[in-house]
file my_file.txt (compact mmCIF, C-alpha atoms)
# COMPACT_ATOMS: atom_id res chain seq x y z
CA MET X 18 -4.90 -10.70 10.10
CA LEU X 19 -3.79 -11.51 6.54
CA ASN X 20 -2.86 -15.06 5.64
CA ILE X 21 -1.60 -15.91 2.15
CA GLN X 22 -1.15 -19.62 1.53
CA ASN X 23 0.81 -21.16 -1.36
CA ALA X 24 -0.02 -18.31 -3.76
CA VAL X 25 0.78 -19.05 -7.41
CA LYS X 26 0.19 -16.77 -10.40
CA THR X 27 1.55 -17.43 -13.89
CA PHE X 28 1.00 -15.05 -16.78
CA LEU X 29 0.97 -16.01 -20.49
CA LYS X 30 0.78 -19.70 -19.74
CA ASN X 31 1.93 -22.12 -22.43
CA THR X 32 3.59 -19.39 -24.46
CA PRO X 33 7.28 -18.51 -24.97
CA ASN X 34 6.70 -15.53 -22.64
CA GLU X 35 5.29 -17.58 -19.75
CA HIS X 36 6.19 -15.94 -16.44
CA THR X 37 5.52 -17.13 -12.91
CA ALA X 38 5.04 -13.91 -10.93
CA LEU X 39 4.06 -15.56 -7.63
CA ASN X 40 5.78 -18.84 -6.86
CA HIS X 41 4.12 -20.70 -3.96
CA LEU X 42 4.31 -17.59 -1.79
CA ASN X 43 3.33 -17.76 1.88
CA LEU X 44 2.90 -14.73 4.12
CA THR X 45 1.11 -14.00 7.39
CA LEU X 46 0.52 -10.54 8.86
CA ASN X 47 -0.72 -10.11 12.40
CA ASP X 48 -3.05 -7.28 13.37
CA GLY X 49 -1.11 -4.01 13.47
CA ASP X 50 1.89 -5.25 11.49
CA PHE X 51 3.51 -2.63 9.24
CA VAL X 52 5.52 -4.55 6.64
CA THR X 53 7.79 -2.88 4.10
CA ILE X 54 8.43 -4.89 0.92
CA VAL X 55 11.52 -4.59 -1.26
CA GLY X 56 12.90 -6.55 -4.17
CA SER X 57 14.48 -6.30 -7.61
CA ASN X 58 12.50 -5.48 -10.74
CA GLY X 59 10.13 -8.36 -11.49
CA ALA X 60 10.34 -9.81 -7.98
CA GLY X 61 6.54 -9.96 -7.75
CA LYS X 62 5.84 -7.08 -5.36
CA SER X 63 3.10 -5.35 -7.33
CA THR X 64 1.69 -8.71 -8.45
CA LEU X 65 1.30 -9.61 -4.79
CA PHE X 66 -0.68 -6.41 -4.17
CA GLN X 67 -2.84 -7.06 -7.23
CA ALA X 68 -3.60 -10.56 -5.97
CA ILE X 69 -4.57 -9.26 -2.53
CA SER X 70 -6.74 -6.45 -3.89
CA GLY X 71 -8.45 -8.73 -6.43
CA SER X 72 -7.14 -7.40 -9.74
CA PHE X 73 -6.93 -11.07 -10.77
CA TRP X 74 -7.47 -14.47 -9.18
CA LEU X 75 -4.71 -16.83 -8.14
CA ASP X 76 -3.97 -19.97 -10.11
CA GLU X 77 -3.34 -21.78 -6.84
CA GLY X 78 -3.49 -20.93 -3.16
CA LYS X 79 -5.68 -18.96 -0.79
CA ILE X 80 -5.94 -15.44 0.63
CA LEU X 81 -7.60 -15.06 4.03
CA LEU X 82 -8.40 -11.71 5.64
CA ASP X 83 -9.53 -11.88 9.25
CA GLU X 84 -10.06 -15.62 8.69
CA THR X 85 -12.46 -14.94 5.79
CA ASP X 86 -11.51 -16.52 2.47
CA ILE X 87 -11.37 -13.68 -0.08
CA THR X 88 -9.50 -15.65 -2.76
CA PHE X 89 -12.36 -15.33 -5.27
CA LEU X 90 -14.07 -12.24 -3.87
CA PRO X 91 -14.59 -9.55 -6.57
CA GLU X 92 -12.28 -6.54 -6.48
CA HIS X 93 -15.04 -4.03 -5.63
CA LYS X 94 -16.07 -6.15 -2.65
CA ARG X 95 -12.50 -6.28 -1.33
CA ALA X 96 -12.22 -2.50 -1.71
CA GLN X 97 -14.73 -2.10 1.13
CA THR X 98 -12.16 -3.45 3.61
CA ILE X 99 -8.82 -3.02 1.78
CA GLY X 100 -7.40 0.45 1.15
CA ARG X 101 -4.82 0.95 -1.60
CA LEU X 102 -2.63 3.87 -2.67
CA PHE X 103 -0.76 3.85 -5.96
CA GLN X 104 2.49 5.44 -7.13
CA ASP X 105 0.57 7.65 -9.56
CA PRO X 106 -1.13 10.48 -7.60
CA MET X 107 -3.80 10.61 -10.34
CA LYS X 108 -5.11 7.13 -9.51
CA GLY X 109 -7.84 6.38 -7.02
CA THR X 110 -9.64 9.72 -7.16
CA ALA X 111 -12.04 11.66 -9.39
CA PRO X 112 -10.08 14.71 -10.66
CA GLY X 113 -13.24 16.57 -11.69
CA LEU X 114 -14.73 16.39 -8.19
CA THR X 115 -13.71 18.49 -5.21
CA ILE X 116 -11.71 17.29 -2.22
CA GLU X 117 -14.91 17.22 -0.19
CA GLU X 118 -16.81 15.26 -2.84
CA ASN X 119 -14.03 12.67 -3.18
CA LEU X 120 -13.91 12.19 0.58
CA ALA X 121 -17.71 11.91 0.73
CA LEU X 122 -17.82 9.23 -1.99
CA SER X 123 -15.13 7.18 -0.26
CA TYR X 124 -16.69 7.64 3.18
CA SER X 125 -20.17 6.65 2.05
CA ARG X 126 -18.90 3.56 0.22
CA SER X 127 -16.90 2.35 3.22
CA LYS X 128 -19.34 3.23 5.96
CA ARG X 129 -22.79 2.93 4.44
CA GLY X 130 -22.41 0.62 1.48
CA PRO X 131 -24.25 2.30 -1.41
CA LEU X 132 -23.07 5.75 -2.48
CA PHE X 133 -24.84 8.76 -1.02
CA PRO X 134 -24.22 11.89 -3.12
CA ALA X 135 -25.34 14.37 -0.44
CA ILE X 136 -22.73 15.79 1.95
CA ASN X 137 -24.20 16.51 5.36
CA LYS X 138 -22.80 18.99 7.87
CA ALA X 139 -21.48 16.32 10.20
CA ASP X 140 -19.48 14.65 7.44
CA SER X 141 -18.13 17.98 6.19
CA LYS X 142 -17.03 18.86 9.72
CA LEU X 143 -15.29 15.49 10.05
CA PHE X 144 -13.44 15.94 6.75
CA ARG X 145 -12.27 19.42 7.75
CA GLU X 146 -11.02 18.24 11.14
CA ARG X 147 -9.09 15.31 9.69
CA LEU X 148 -7.51 17.42 6.94
CA ALA X 149 -6.47 20.07 9.48
CA GLU X 150 -4.43 17.46 11.35
CA PHE X 151 -1.97 17.32 8.44
CA HIS X 152 -1.08 21.06 8.60
CA MET X 153 -1.15 21.47 4.82
CA GLY X 154 -4.04 23.93 4.57
CA LEU X 155 -6.22 21.38 2.76
CA GLU X 156 -9.09 21.98 5.16
CA ASP X 157 -9.46 25.44 3.58
CA ARG X 158 -9.51 24.01 0.05
CA MET X 159 -12.30 21.46 0.33
CA LYS X 160 -14.12 23.03 -2.64
CA THR X 161 -11.01 22.72 -4.83
CA LYS X 162 -11.10 20.07 -7.54
CA MET X 163 -8.70 17.19 -6.99
CA GLY X 164 -7.17 17.67 -10.42
CA LEU X 165 -5.81 21.06 -9.34
CA LEU X 166 -3.83 19.72 -6.38
CA SER X 167 -0.15 18.91 -6.37
CA GLY X 168 0.95 15.28 -6.33
CA GLY X 169 1.73 15.37 -2.62
CA GLN X 170 -1.57 17.02 -1.72
CA ARG X 171 -3.44 14.50 -3.79
CA GLN X 172 -1.68 11.55 -2.15
CA VAL X 173 -2.53 12.91 1.31
CA VAL X 174 -6.21 13.27 0.38
CA THR X 175 -6.21 9.79 -1.13
CA LEU X 176 -4.61 8.41 2.02
CA LEU X 177 -7.37 10.01 4.08
CA MET X 178 -10.00 8.61 1.70
CA CYS X 179 -8.62 5.12 2.35
CA THR X 180 -8.58 5.50 6.12
CA LEU X 181 -11.55 7.68 7.13
CA VAL X 182 -13.15 4.34 7.91
CA PRO X 183 -10.12 2.29 9.01
CA PRO X 184 -9.63 -0.63 6.58
CA LYS X 185 -8.69 -4.13 7.65
CA LEU X 186 -5.62 -3.83 5.44
CA LEU X 187 -3.82 -0.85 3.89
CA LEU X 188 -1.68 -1.36 0.76
CA LEU X 189 0.82 1.37 -0.12
CA ASP X 190 2.16 0.71 -3.61
CA GLU X 191 5.21 3.01 -3.84
CA HIS X 192 2.94 5.89 -2.87
CA THR X 193 5.81 8.38 -2.46
CA ALA X 194 7.95 7.33 -5.45
CA ALA X 195 6.60 10.03 -7.80
CA LEU X 196 7.11 12.86 -5.28
CA ASP X 197 10.09 15.12 -4.68
CA PRO X 198 12.15 14.21 -1.58
CA ALA X 199 10.70 16.88 0.72
CA THR X 200 7.12 16.07 -0.24
CA ALA X 201 7.77 12.33 0.01
CA GLU X 202 9.08 12.82 3.55
CA LYS X 203 5.96 14.80 4.50
CA VAL X 204 3.64 12.16 3.02
CA MET X 205 5.52 9.42 4.90
CA GLU X 206 5.21 11.40 8.11
CA ILE X 207 1.44 11.61 7.61
CA THR X 208 1.32 7.94 6.63
CA ASN X 209 3.00 6.91 9.87
CA GLN X 210 0.69 9.23 11.80
CA ILE X 211 -2.43 7.61 10.36
CA VAL X 212 -1.14 4.03 10.59
CA THR X 213 -0.15 4.53 14.24
CA ARG X 214 -3.38 6.30 15.15
CA HIS X 215 -5.60 3.50 13.84
CA ARG X 216 -3.08 0.68 14.38
CA LEU X 217 -3.61 -0.31 10.77
CA THR X 218 -2.27 -3.54 9.36
CA THR X 219 -0.17 -2.17 6.51
CA MET X 220 2.01 -3.32 3.62
CA MET X 221 4.23 -0.84 1.77
CA ILE X 222 6.25 -1.43 -1.38
CA THR X 223 9.25 0.87 -1.58
CA HIS X 224 12.49 1.20 -3.52
CA ASN X 225 13.98 3.42 -0.81
CA MET X 226 16.04 1.00 1.26
CA THR X 227 16.53 3.49 4.10
CA SER X 228 12.78 4.04 4.31
CA ALA X 229 12.22 0.28 4.22
CA LEU X 230 14.52 -0.26 7.19
CA ASN X 231 13.27 2.73 9.18
CA THR X 232 9.54 2.18 8.66
CA GLY X 233 7.26 -0.37 10.29
CA ASN X 234 8.08 -3.43 12.34
CA ARG X 235 8.97 -5.91 9.55
CA ILE X 236 10.83 -5.87 6.27
CA VAL X 237 10.15 -8.51 3.64
CA MET X 238 12.39 -9.05 0.62
CA MET X 239 11.05 -10.80 -2.48
CA ASP X 240 12.79 -12.50 -5.38
CA SER X 241 11.33 -14.45 -8.32
CA GLY X 242 7.82 -14.39 -6.88
CA ALA X 243 8.76 -15.71 -3.45
CA ILE X 244 9.72 -14.28 -0.07
CA ILE X 245 13.38 -14.89 0.68
CA LEU X 246 13.80 -12.67 3.75
CA ASP X 247 11.40 -11.69 6.55
CA ILE X 248 13.14 -9.61 9.21
CA SER X 249 11.59 -8.09 12.34
CA GLY X 250 12.29 -7.15 15.95
CA LYS X 251 15.83 -6.46 17.12
CA GLU X 252 17.29 -8.00 13.97
CA LYS X 253 15.56 -5.33 11.88
CA GLU X 254 16.49 -2.54 14.29
CA LYS X 255 20.18 -3.40 13.99
CA MET X 256 20.12 -4.06 10.25
CA ASP X 257 21.82 -1.64 7.85
CA ILE X 258 21.68 -1.49 4.06
CA PRO X 259 24.95 -3.34 3.32
CA GLU X 260 23.90 -6.17 5.65
CA LEU X 261 20.48 -6.37 4.00
CA LEU X 262 22.00 -6.52 0.51
CA ASP X 263 24.49 -9.16 1.65
CA LEU X 264 21.65 -11.27 3.02
CA TYR X 265 19.79 -10.89 -0.27
CA SER X 266 22.83 -12.05 -2.23
CA ALA X 267 23.32 -15.02 0.07
CA LYS X 268 19.68 -16.12 -0.26
CA SER X 269 19.12 -15.42 -3.96
CA LYS X 270 22.64 -16.27 -5.17
CA LYS X 271 22.75 -13.04 -7.15
CA THR X 272 23.40 -9.31 -6.72
CA PHE X 273 20.47 -7.01 -5.98
CA ASP X 274 19.77 -5.27 -9.29
CA ASN X 275 17.28 -2.45 -9.50
CA ASP X 276 18.04 0.89 -11.13
CA ARG X 277 15.16 2.51 -9.22
CA THR X 278 16.48 1.64 -5.79
CA LEU X 279 17.47 4.48 -3.50
CA LEU X 280 20.02 3.70 -0.83
CA SER X 281 19.36 6.89 1.14
CA LYS X 282 16.79 9.62 1.58
call {"tool": "encode", "arguments": {"input": "my_file.txt", "output": "structure tokens"}}
result
Amino acid sequence: MLNIQNAVKTFLKNTPNEHTALNHLNLTLNDGDFVTIVGSNGAGKSTLFQAISGSFWLDEGKILLDETDITFLPEHKRAQTIGRLFQDPMKGTAPGLTIEENLALSYSRSKRGPLFPAINKADSKLFRERLAEFHMGLEDRMKTKMGLLSGGQRQVVTLLMCTLVPPKLLLLDEHTAALDPATAEKVMEITNQIVTRHRLTTMMITHNMTSALNTGNRIVMMDSGAIILDISGKEKEKMDIPELLDLYSAKSKKTFDNDRTLLSK
């Protein structure tokens, strides 16, 4: 379970460019929740992910993961239990290493602690089996360097790297935004497959409103560093895009403005 209490983060304090990116934000995720997060530019979505993953410390507030206070835990320590995918397919992997070597590094860090450079037969067999489940032929390319893969292939391998040892929390930071529509759909299909299989507690930032409504069990909308809408259950199932945008306008007193937002697939 994730519990964020009264989170505050202000950048460039005491300057003309002072900006409060998180404004007394509160959020609780139960085990197995899959929350999609939407909001206008500058709403605080990526800042929230950075705070959770430890890219910086909060000015105020607490972050609890499975009732453990991680508010001031270093980023590399959090990475042992928090998986994160970025929009850029080049992030999070070593392009000069092979698929197999990248998976081995991630697996050893998550499962054993210190890195073990050797790849044993059992691990190699596991990697091949998991890759084969995606039906992309990656299991036959385990000796291929990551830098030679397409963006979609790389995101799928990175997703597997994050979940070979199921994390306590999976953060998906617009992980399909840089992909073409067909590839993005395939990566989302695999994402849902993995999340469902391991019942992972997951948060996903997206600018695709249709995807936000059709994915997971909750949708959270942010504005000015705070959560203004948190919709789940039958309310979410019945919600359509115009209704969601109307709710946003009613809560924020302004029109949803984001030139990156997609209103359909």
call {"tool": "atom_distance", "arguments": {"input": "my_file.txt", "atom1": "CA of Ser125 in chain X", "atom2": "CA of Lys160 in chain X"}}
result
18.1 Å
call {"tool": "closest_residue", "arguments": {"input": "my_file.txt", "among": "X:Val55, X:Ala229, X:Met178, X:Ile211", "to": "Ile245 in chain X", "atoms": "all atoms listed in the file"}}
result
X:Val55
call {"tool": "axis_aligned_box", "arguments": {"input": "my_file.txt", "around": "range 220-231 of chain X", "padding_each_side": "5 Å", "output": "AutoDock Vina command-line options"}}
result
--center_x 9.3 --center_y 0.4 --center_z 2.8 --size_x 24.5 --size_y 17.4 --size_z 22.7
call {"tool": "closest_atom_pairs", "arguments": {"input": "my_file.txt", "of": "range 118-185 of chain X", "to": "range 195-210 of chain X", "cutoff": "10 Å", "atoms": "all atoms listed in the file", "output": "CSV"}}
result
residue,atom,partner,partner_atom,distance
X:Glu150,CA,X:Ile207,CA,9.1
X:Phe151,CA,X:Ile207,CA,6.7
X:His152,CA,X:Ile207,CA,9.8
X:Met153,CA,X:Lys203,CA,9.8
X:Ser167,CA,X:Leu196,CA,9.5
X:Gly168,CA,X:Leu196,CA,6.7
X:Gly169,CA,X:Thr200,CA,5.9
X:Gln170,CA,X:Val204,CA,8.6
X:Gln172,CA,X:Val204,CA,7.4
X:Val173,CA,X:Val204,CA,6.4
X:Leu176,CA,X:Thr208,CA,7.5
X:Leu177,CA,X:Thr208,CA,9.3
call {"tool": "residues_around", "arguments": {"input": "my_file.txt", "residues": "Thr115 in chain X", "least_positions_apart": "6", "cutoff": "9 Å", "atoms": "all atoms listed in the file", "output": "list in words"}}
result
Arg158, Met159, Lys160, Thr161, Lys162, Met163 and Gly164 of chain X
call {"tool": "residues_around", "arguments": {"input": "my_file.txt", "residues": "Arg145 in chain X", "least_positions_apart": "4", "cutoff": "7 Å", "atoms": "all atoms listed in the file", "output": "list of chain:residue names"}}
result
X:Ser141, X:Ala149, X:Glu156
call {"tool": "atom_distance", "arguments": {"input": "my_file.txt", "atom1": "CA of Gly154 in chain X", "atom2": "CA of Leu166 in chain X"}}
result
11.7 Å
call {"tool": "closest_residue", "arguments": {"input": "my_file.txt", "among": "X:Leu165, X:Val52, X:Leu189, X:Leu90", "to": "Phe66 in chain X", "atoms": "all atoms listed in the file"}}
result
X:Leu189
call {"tool": "atom_distance", "arguments": {"input": "my_file.txt", "atom1": "CA of Thr175 in chain X", "atom2": "CA of Leu39 in chain X"}}
result
28.1 Å
call {"tool": "residues_near_point", "arguments": {"input": "my_file.txt", "point": "(1.0, -0.6, 5.3)", "cutoff": "10 Å", "atoms": "only C-alpha atoms", "output": "number ranges by chain"}}
result
X: 49-54, 100-102, 186-190, 208-209, 212, 217-222, 232-233
call {"tool": "closest_residue", "arguments": {"input": "my_file.txt", "among": "X:Ala96, X:Leu264, X:Leu65, X:Asn20", "to": "Asn40 in chain X", "atoms": "all atoms listed in the file"}}
result
X:Leu65
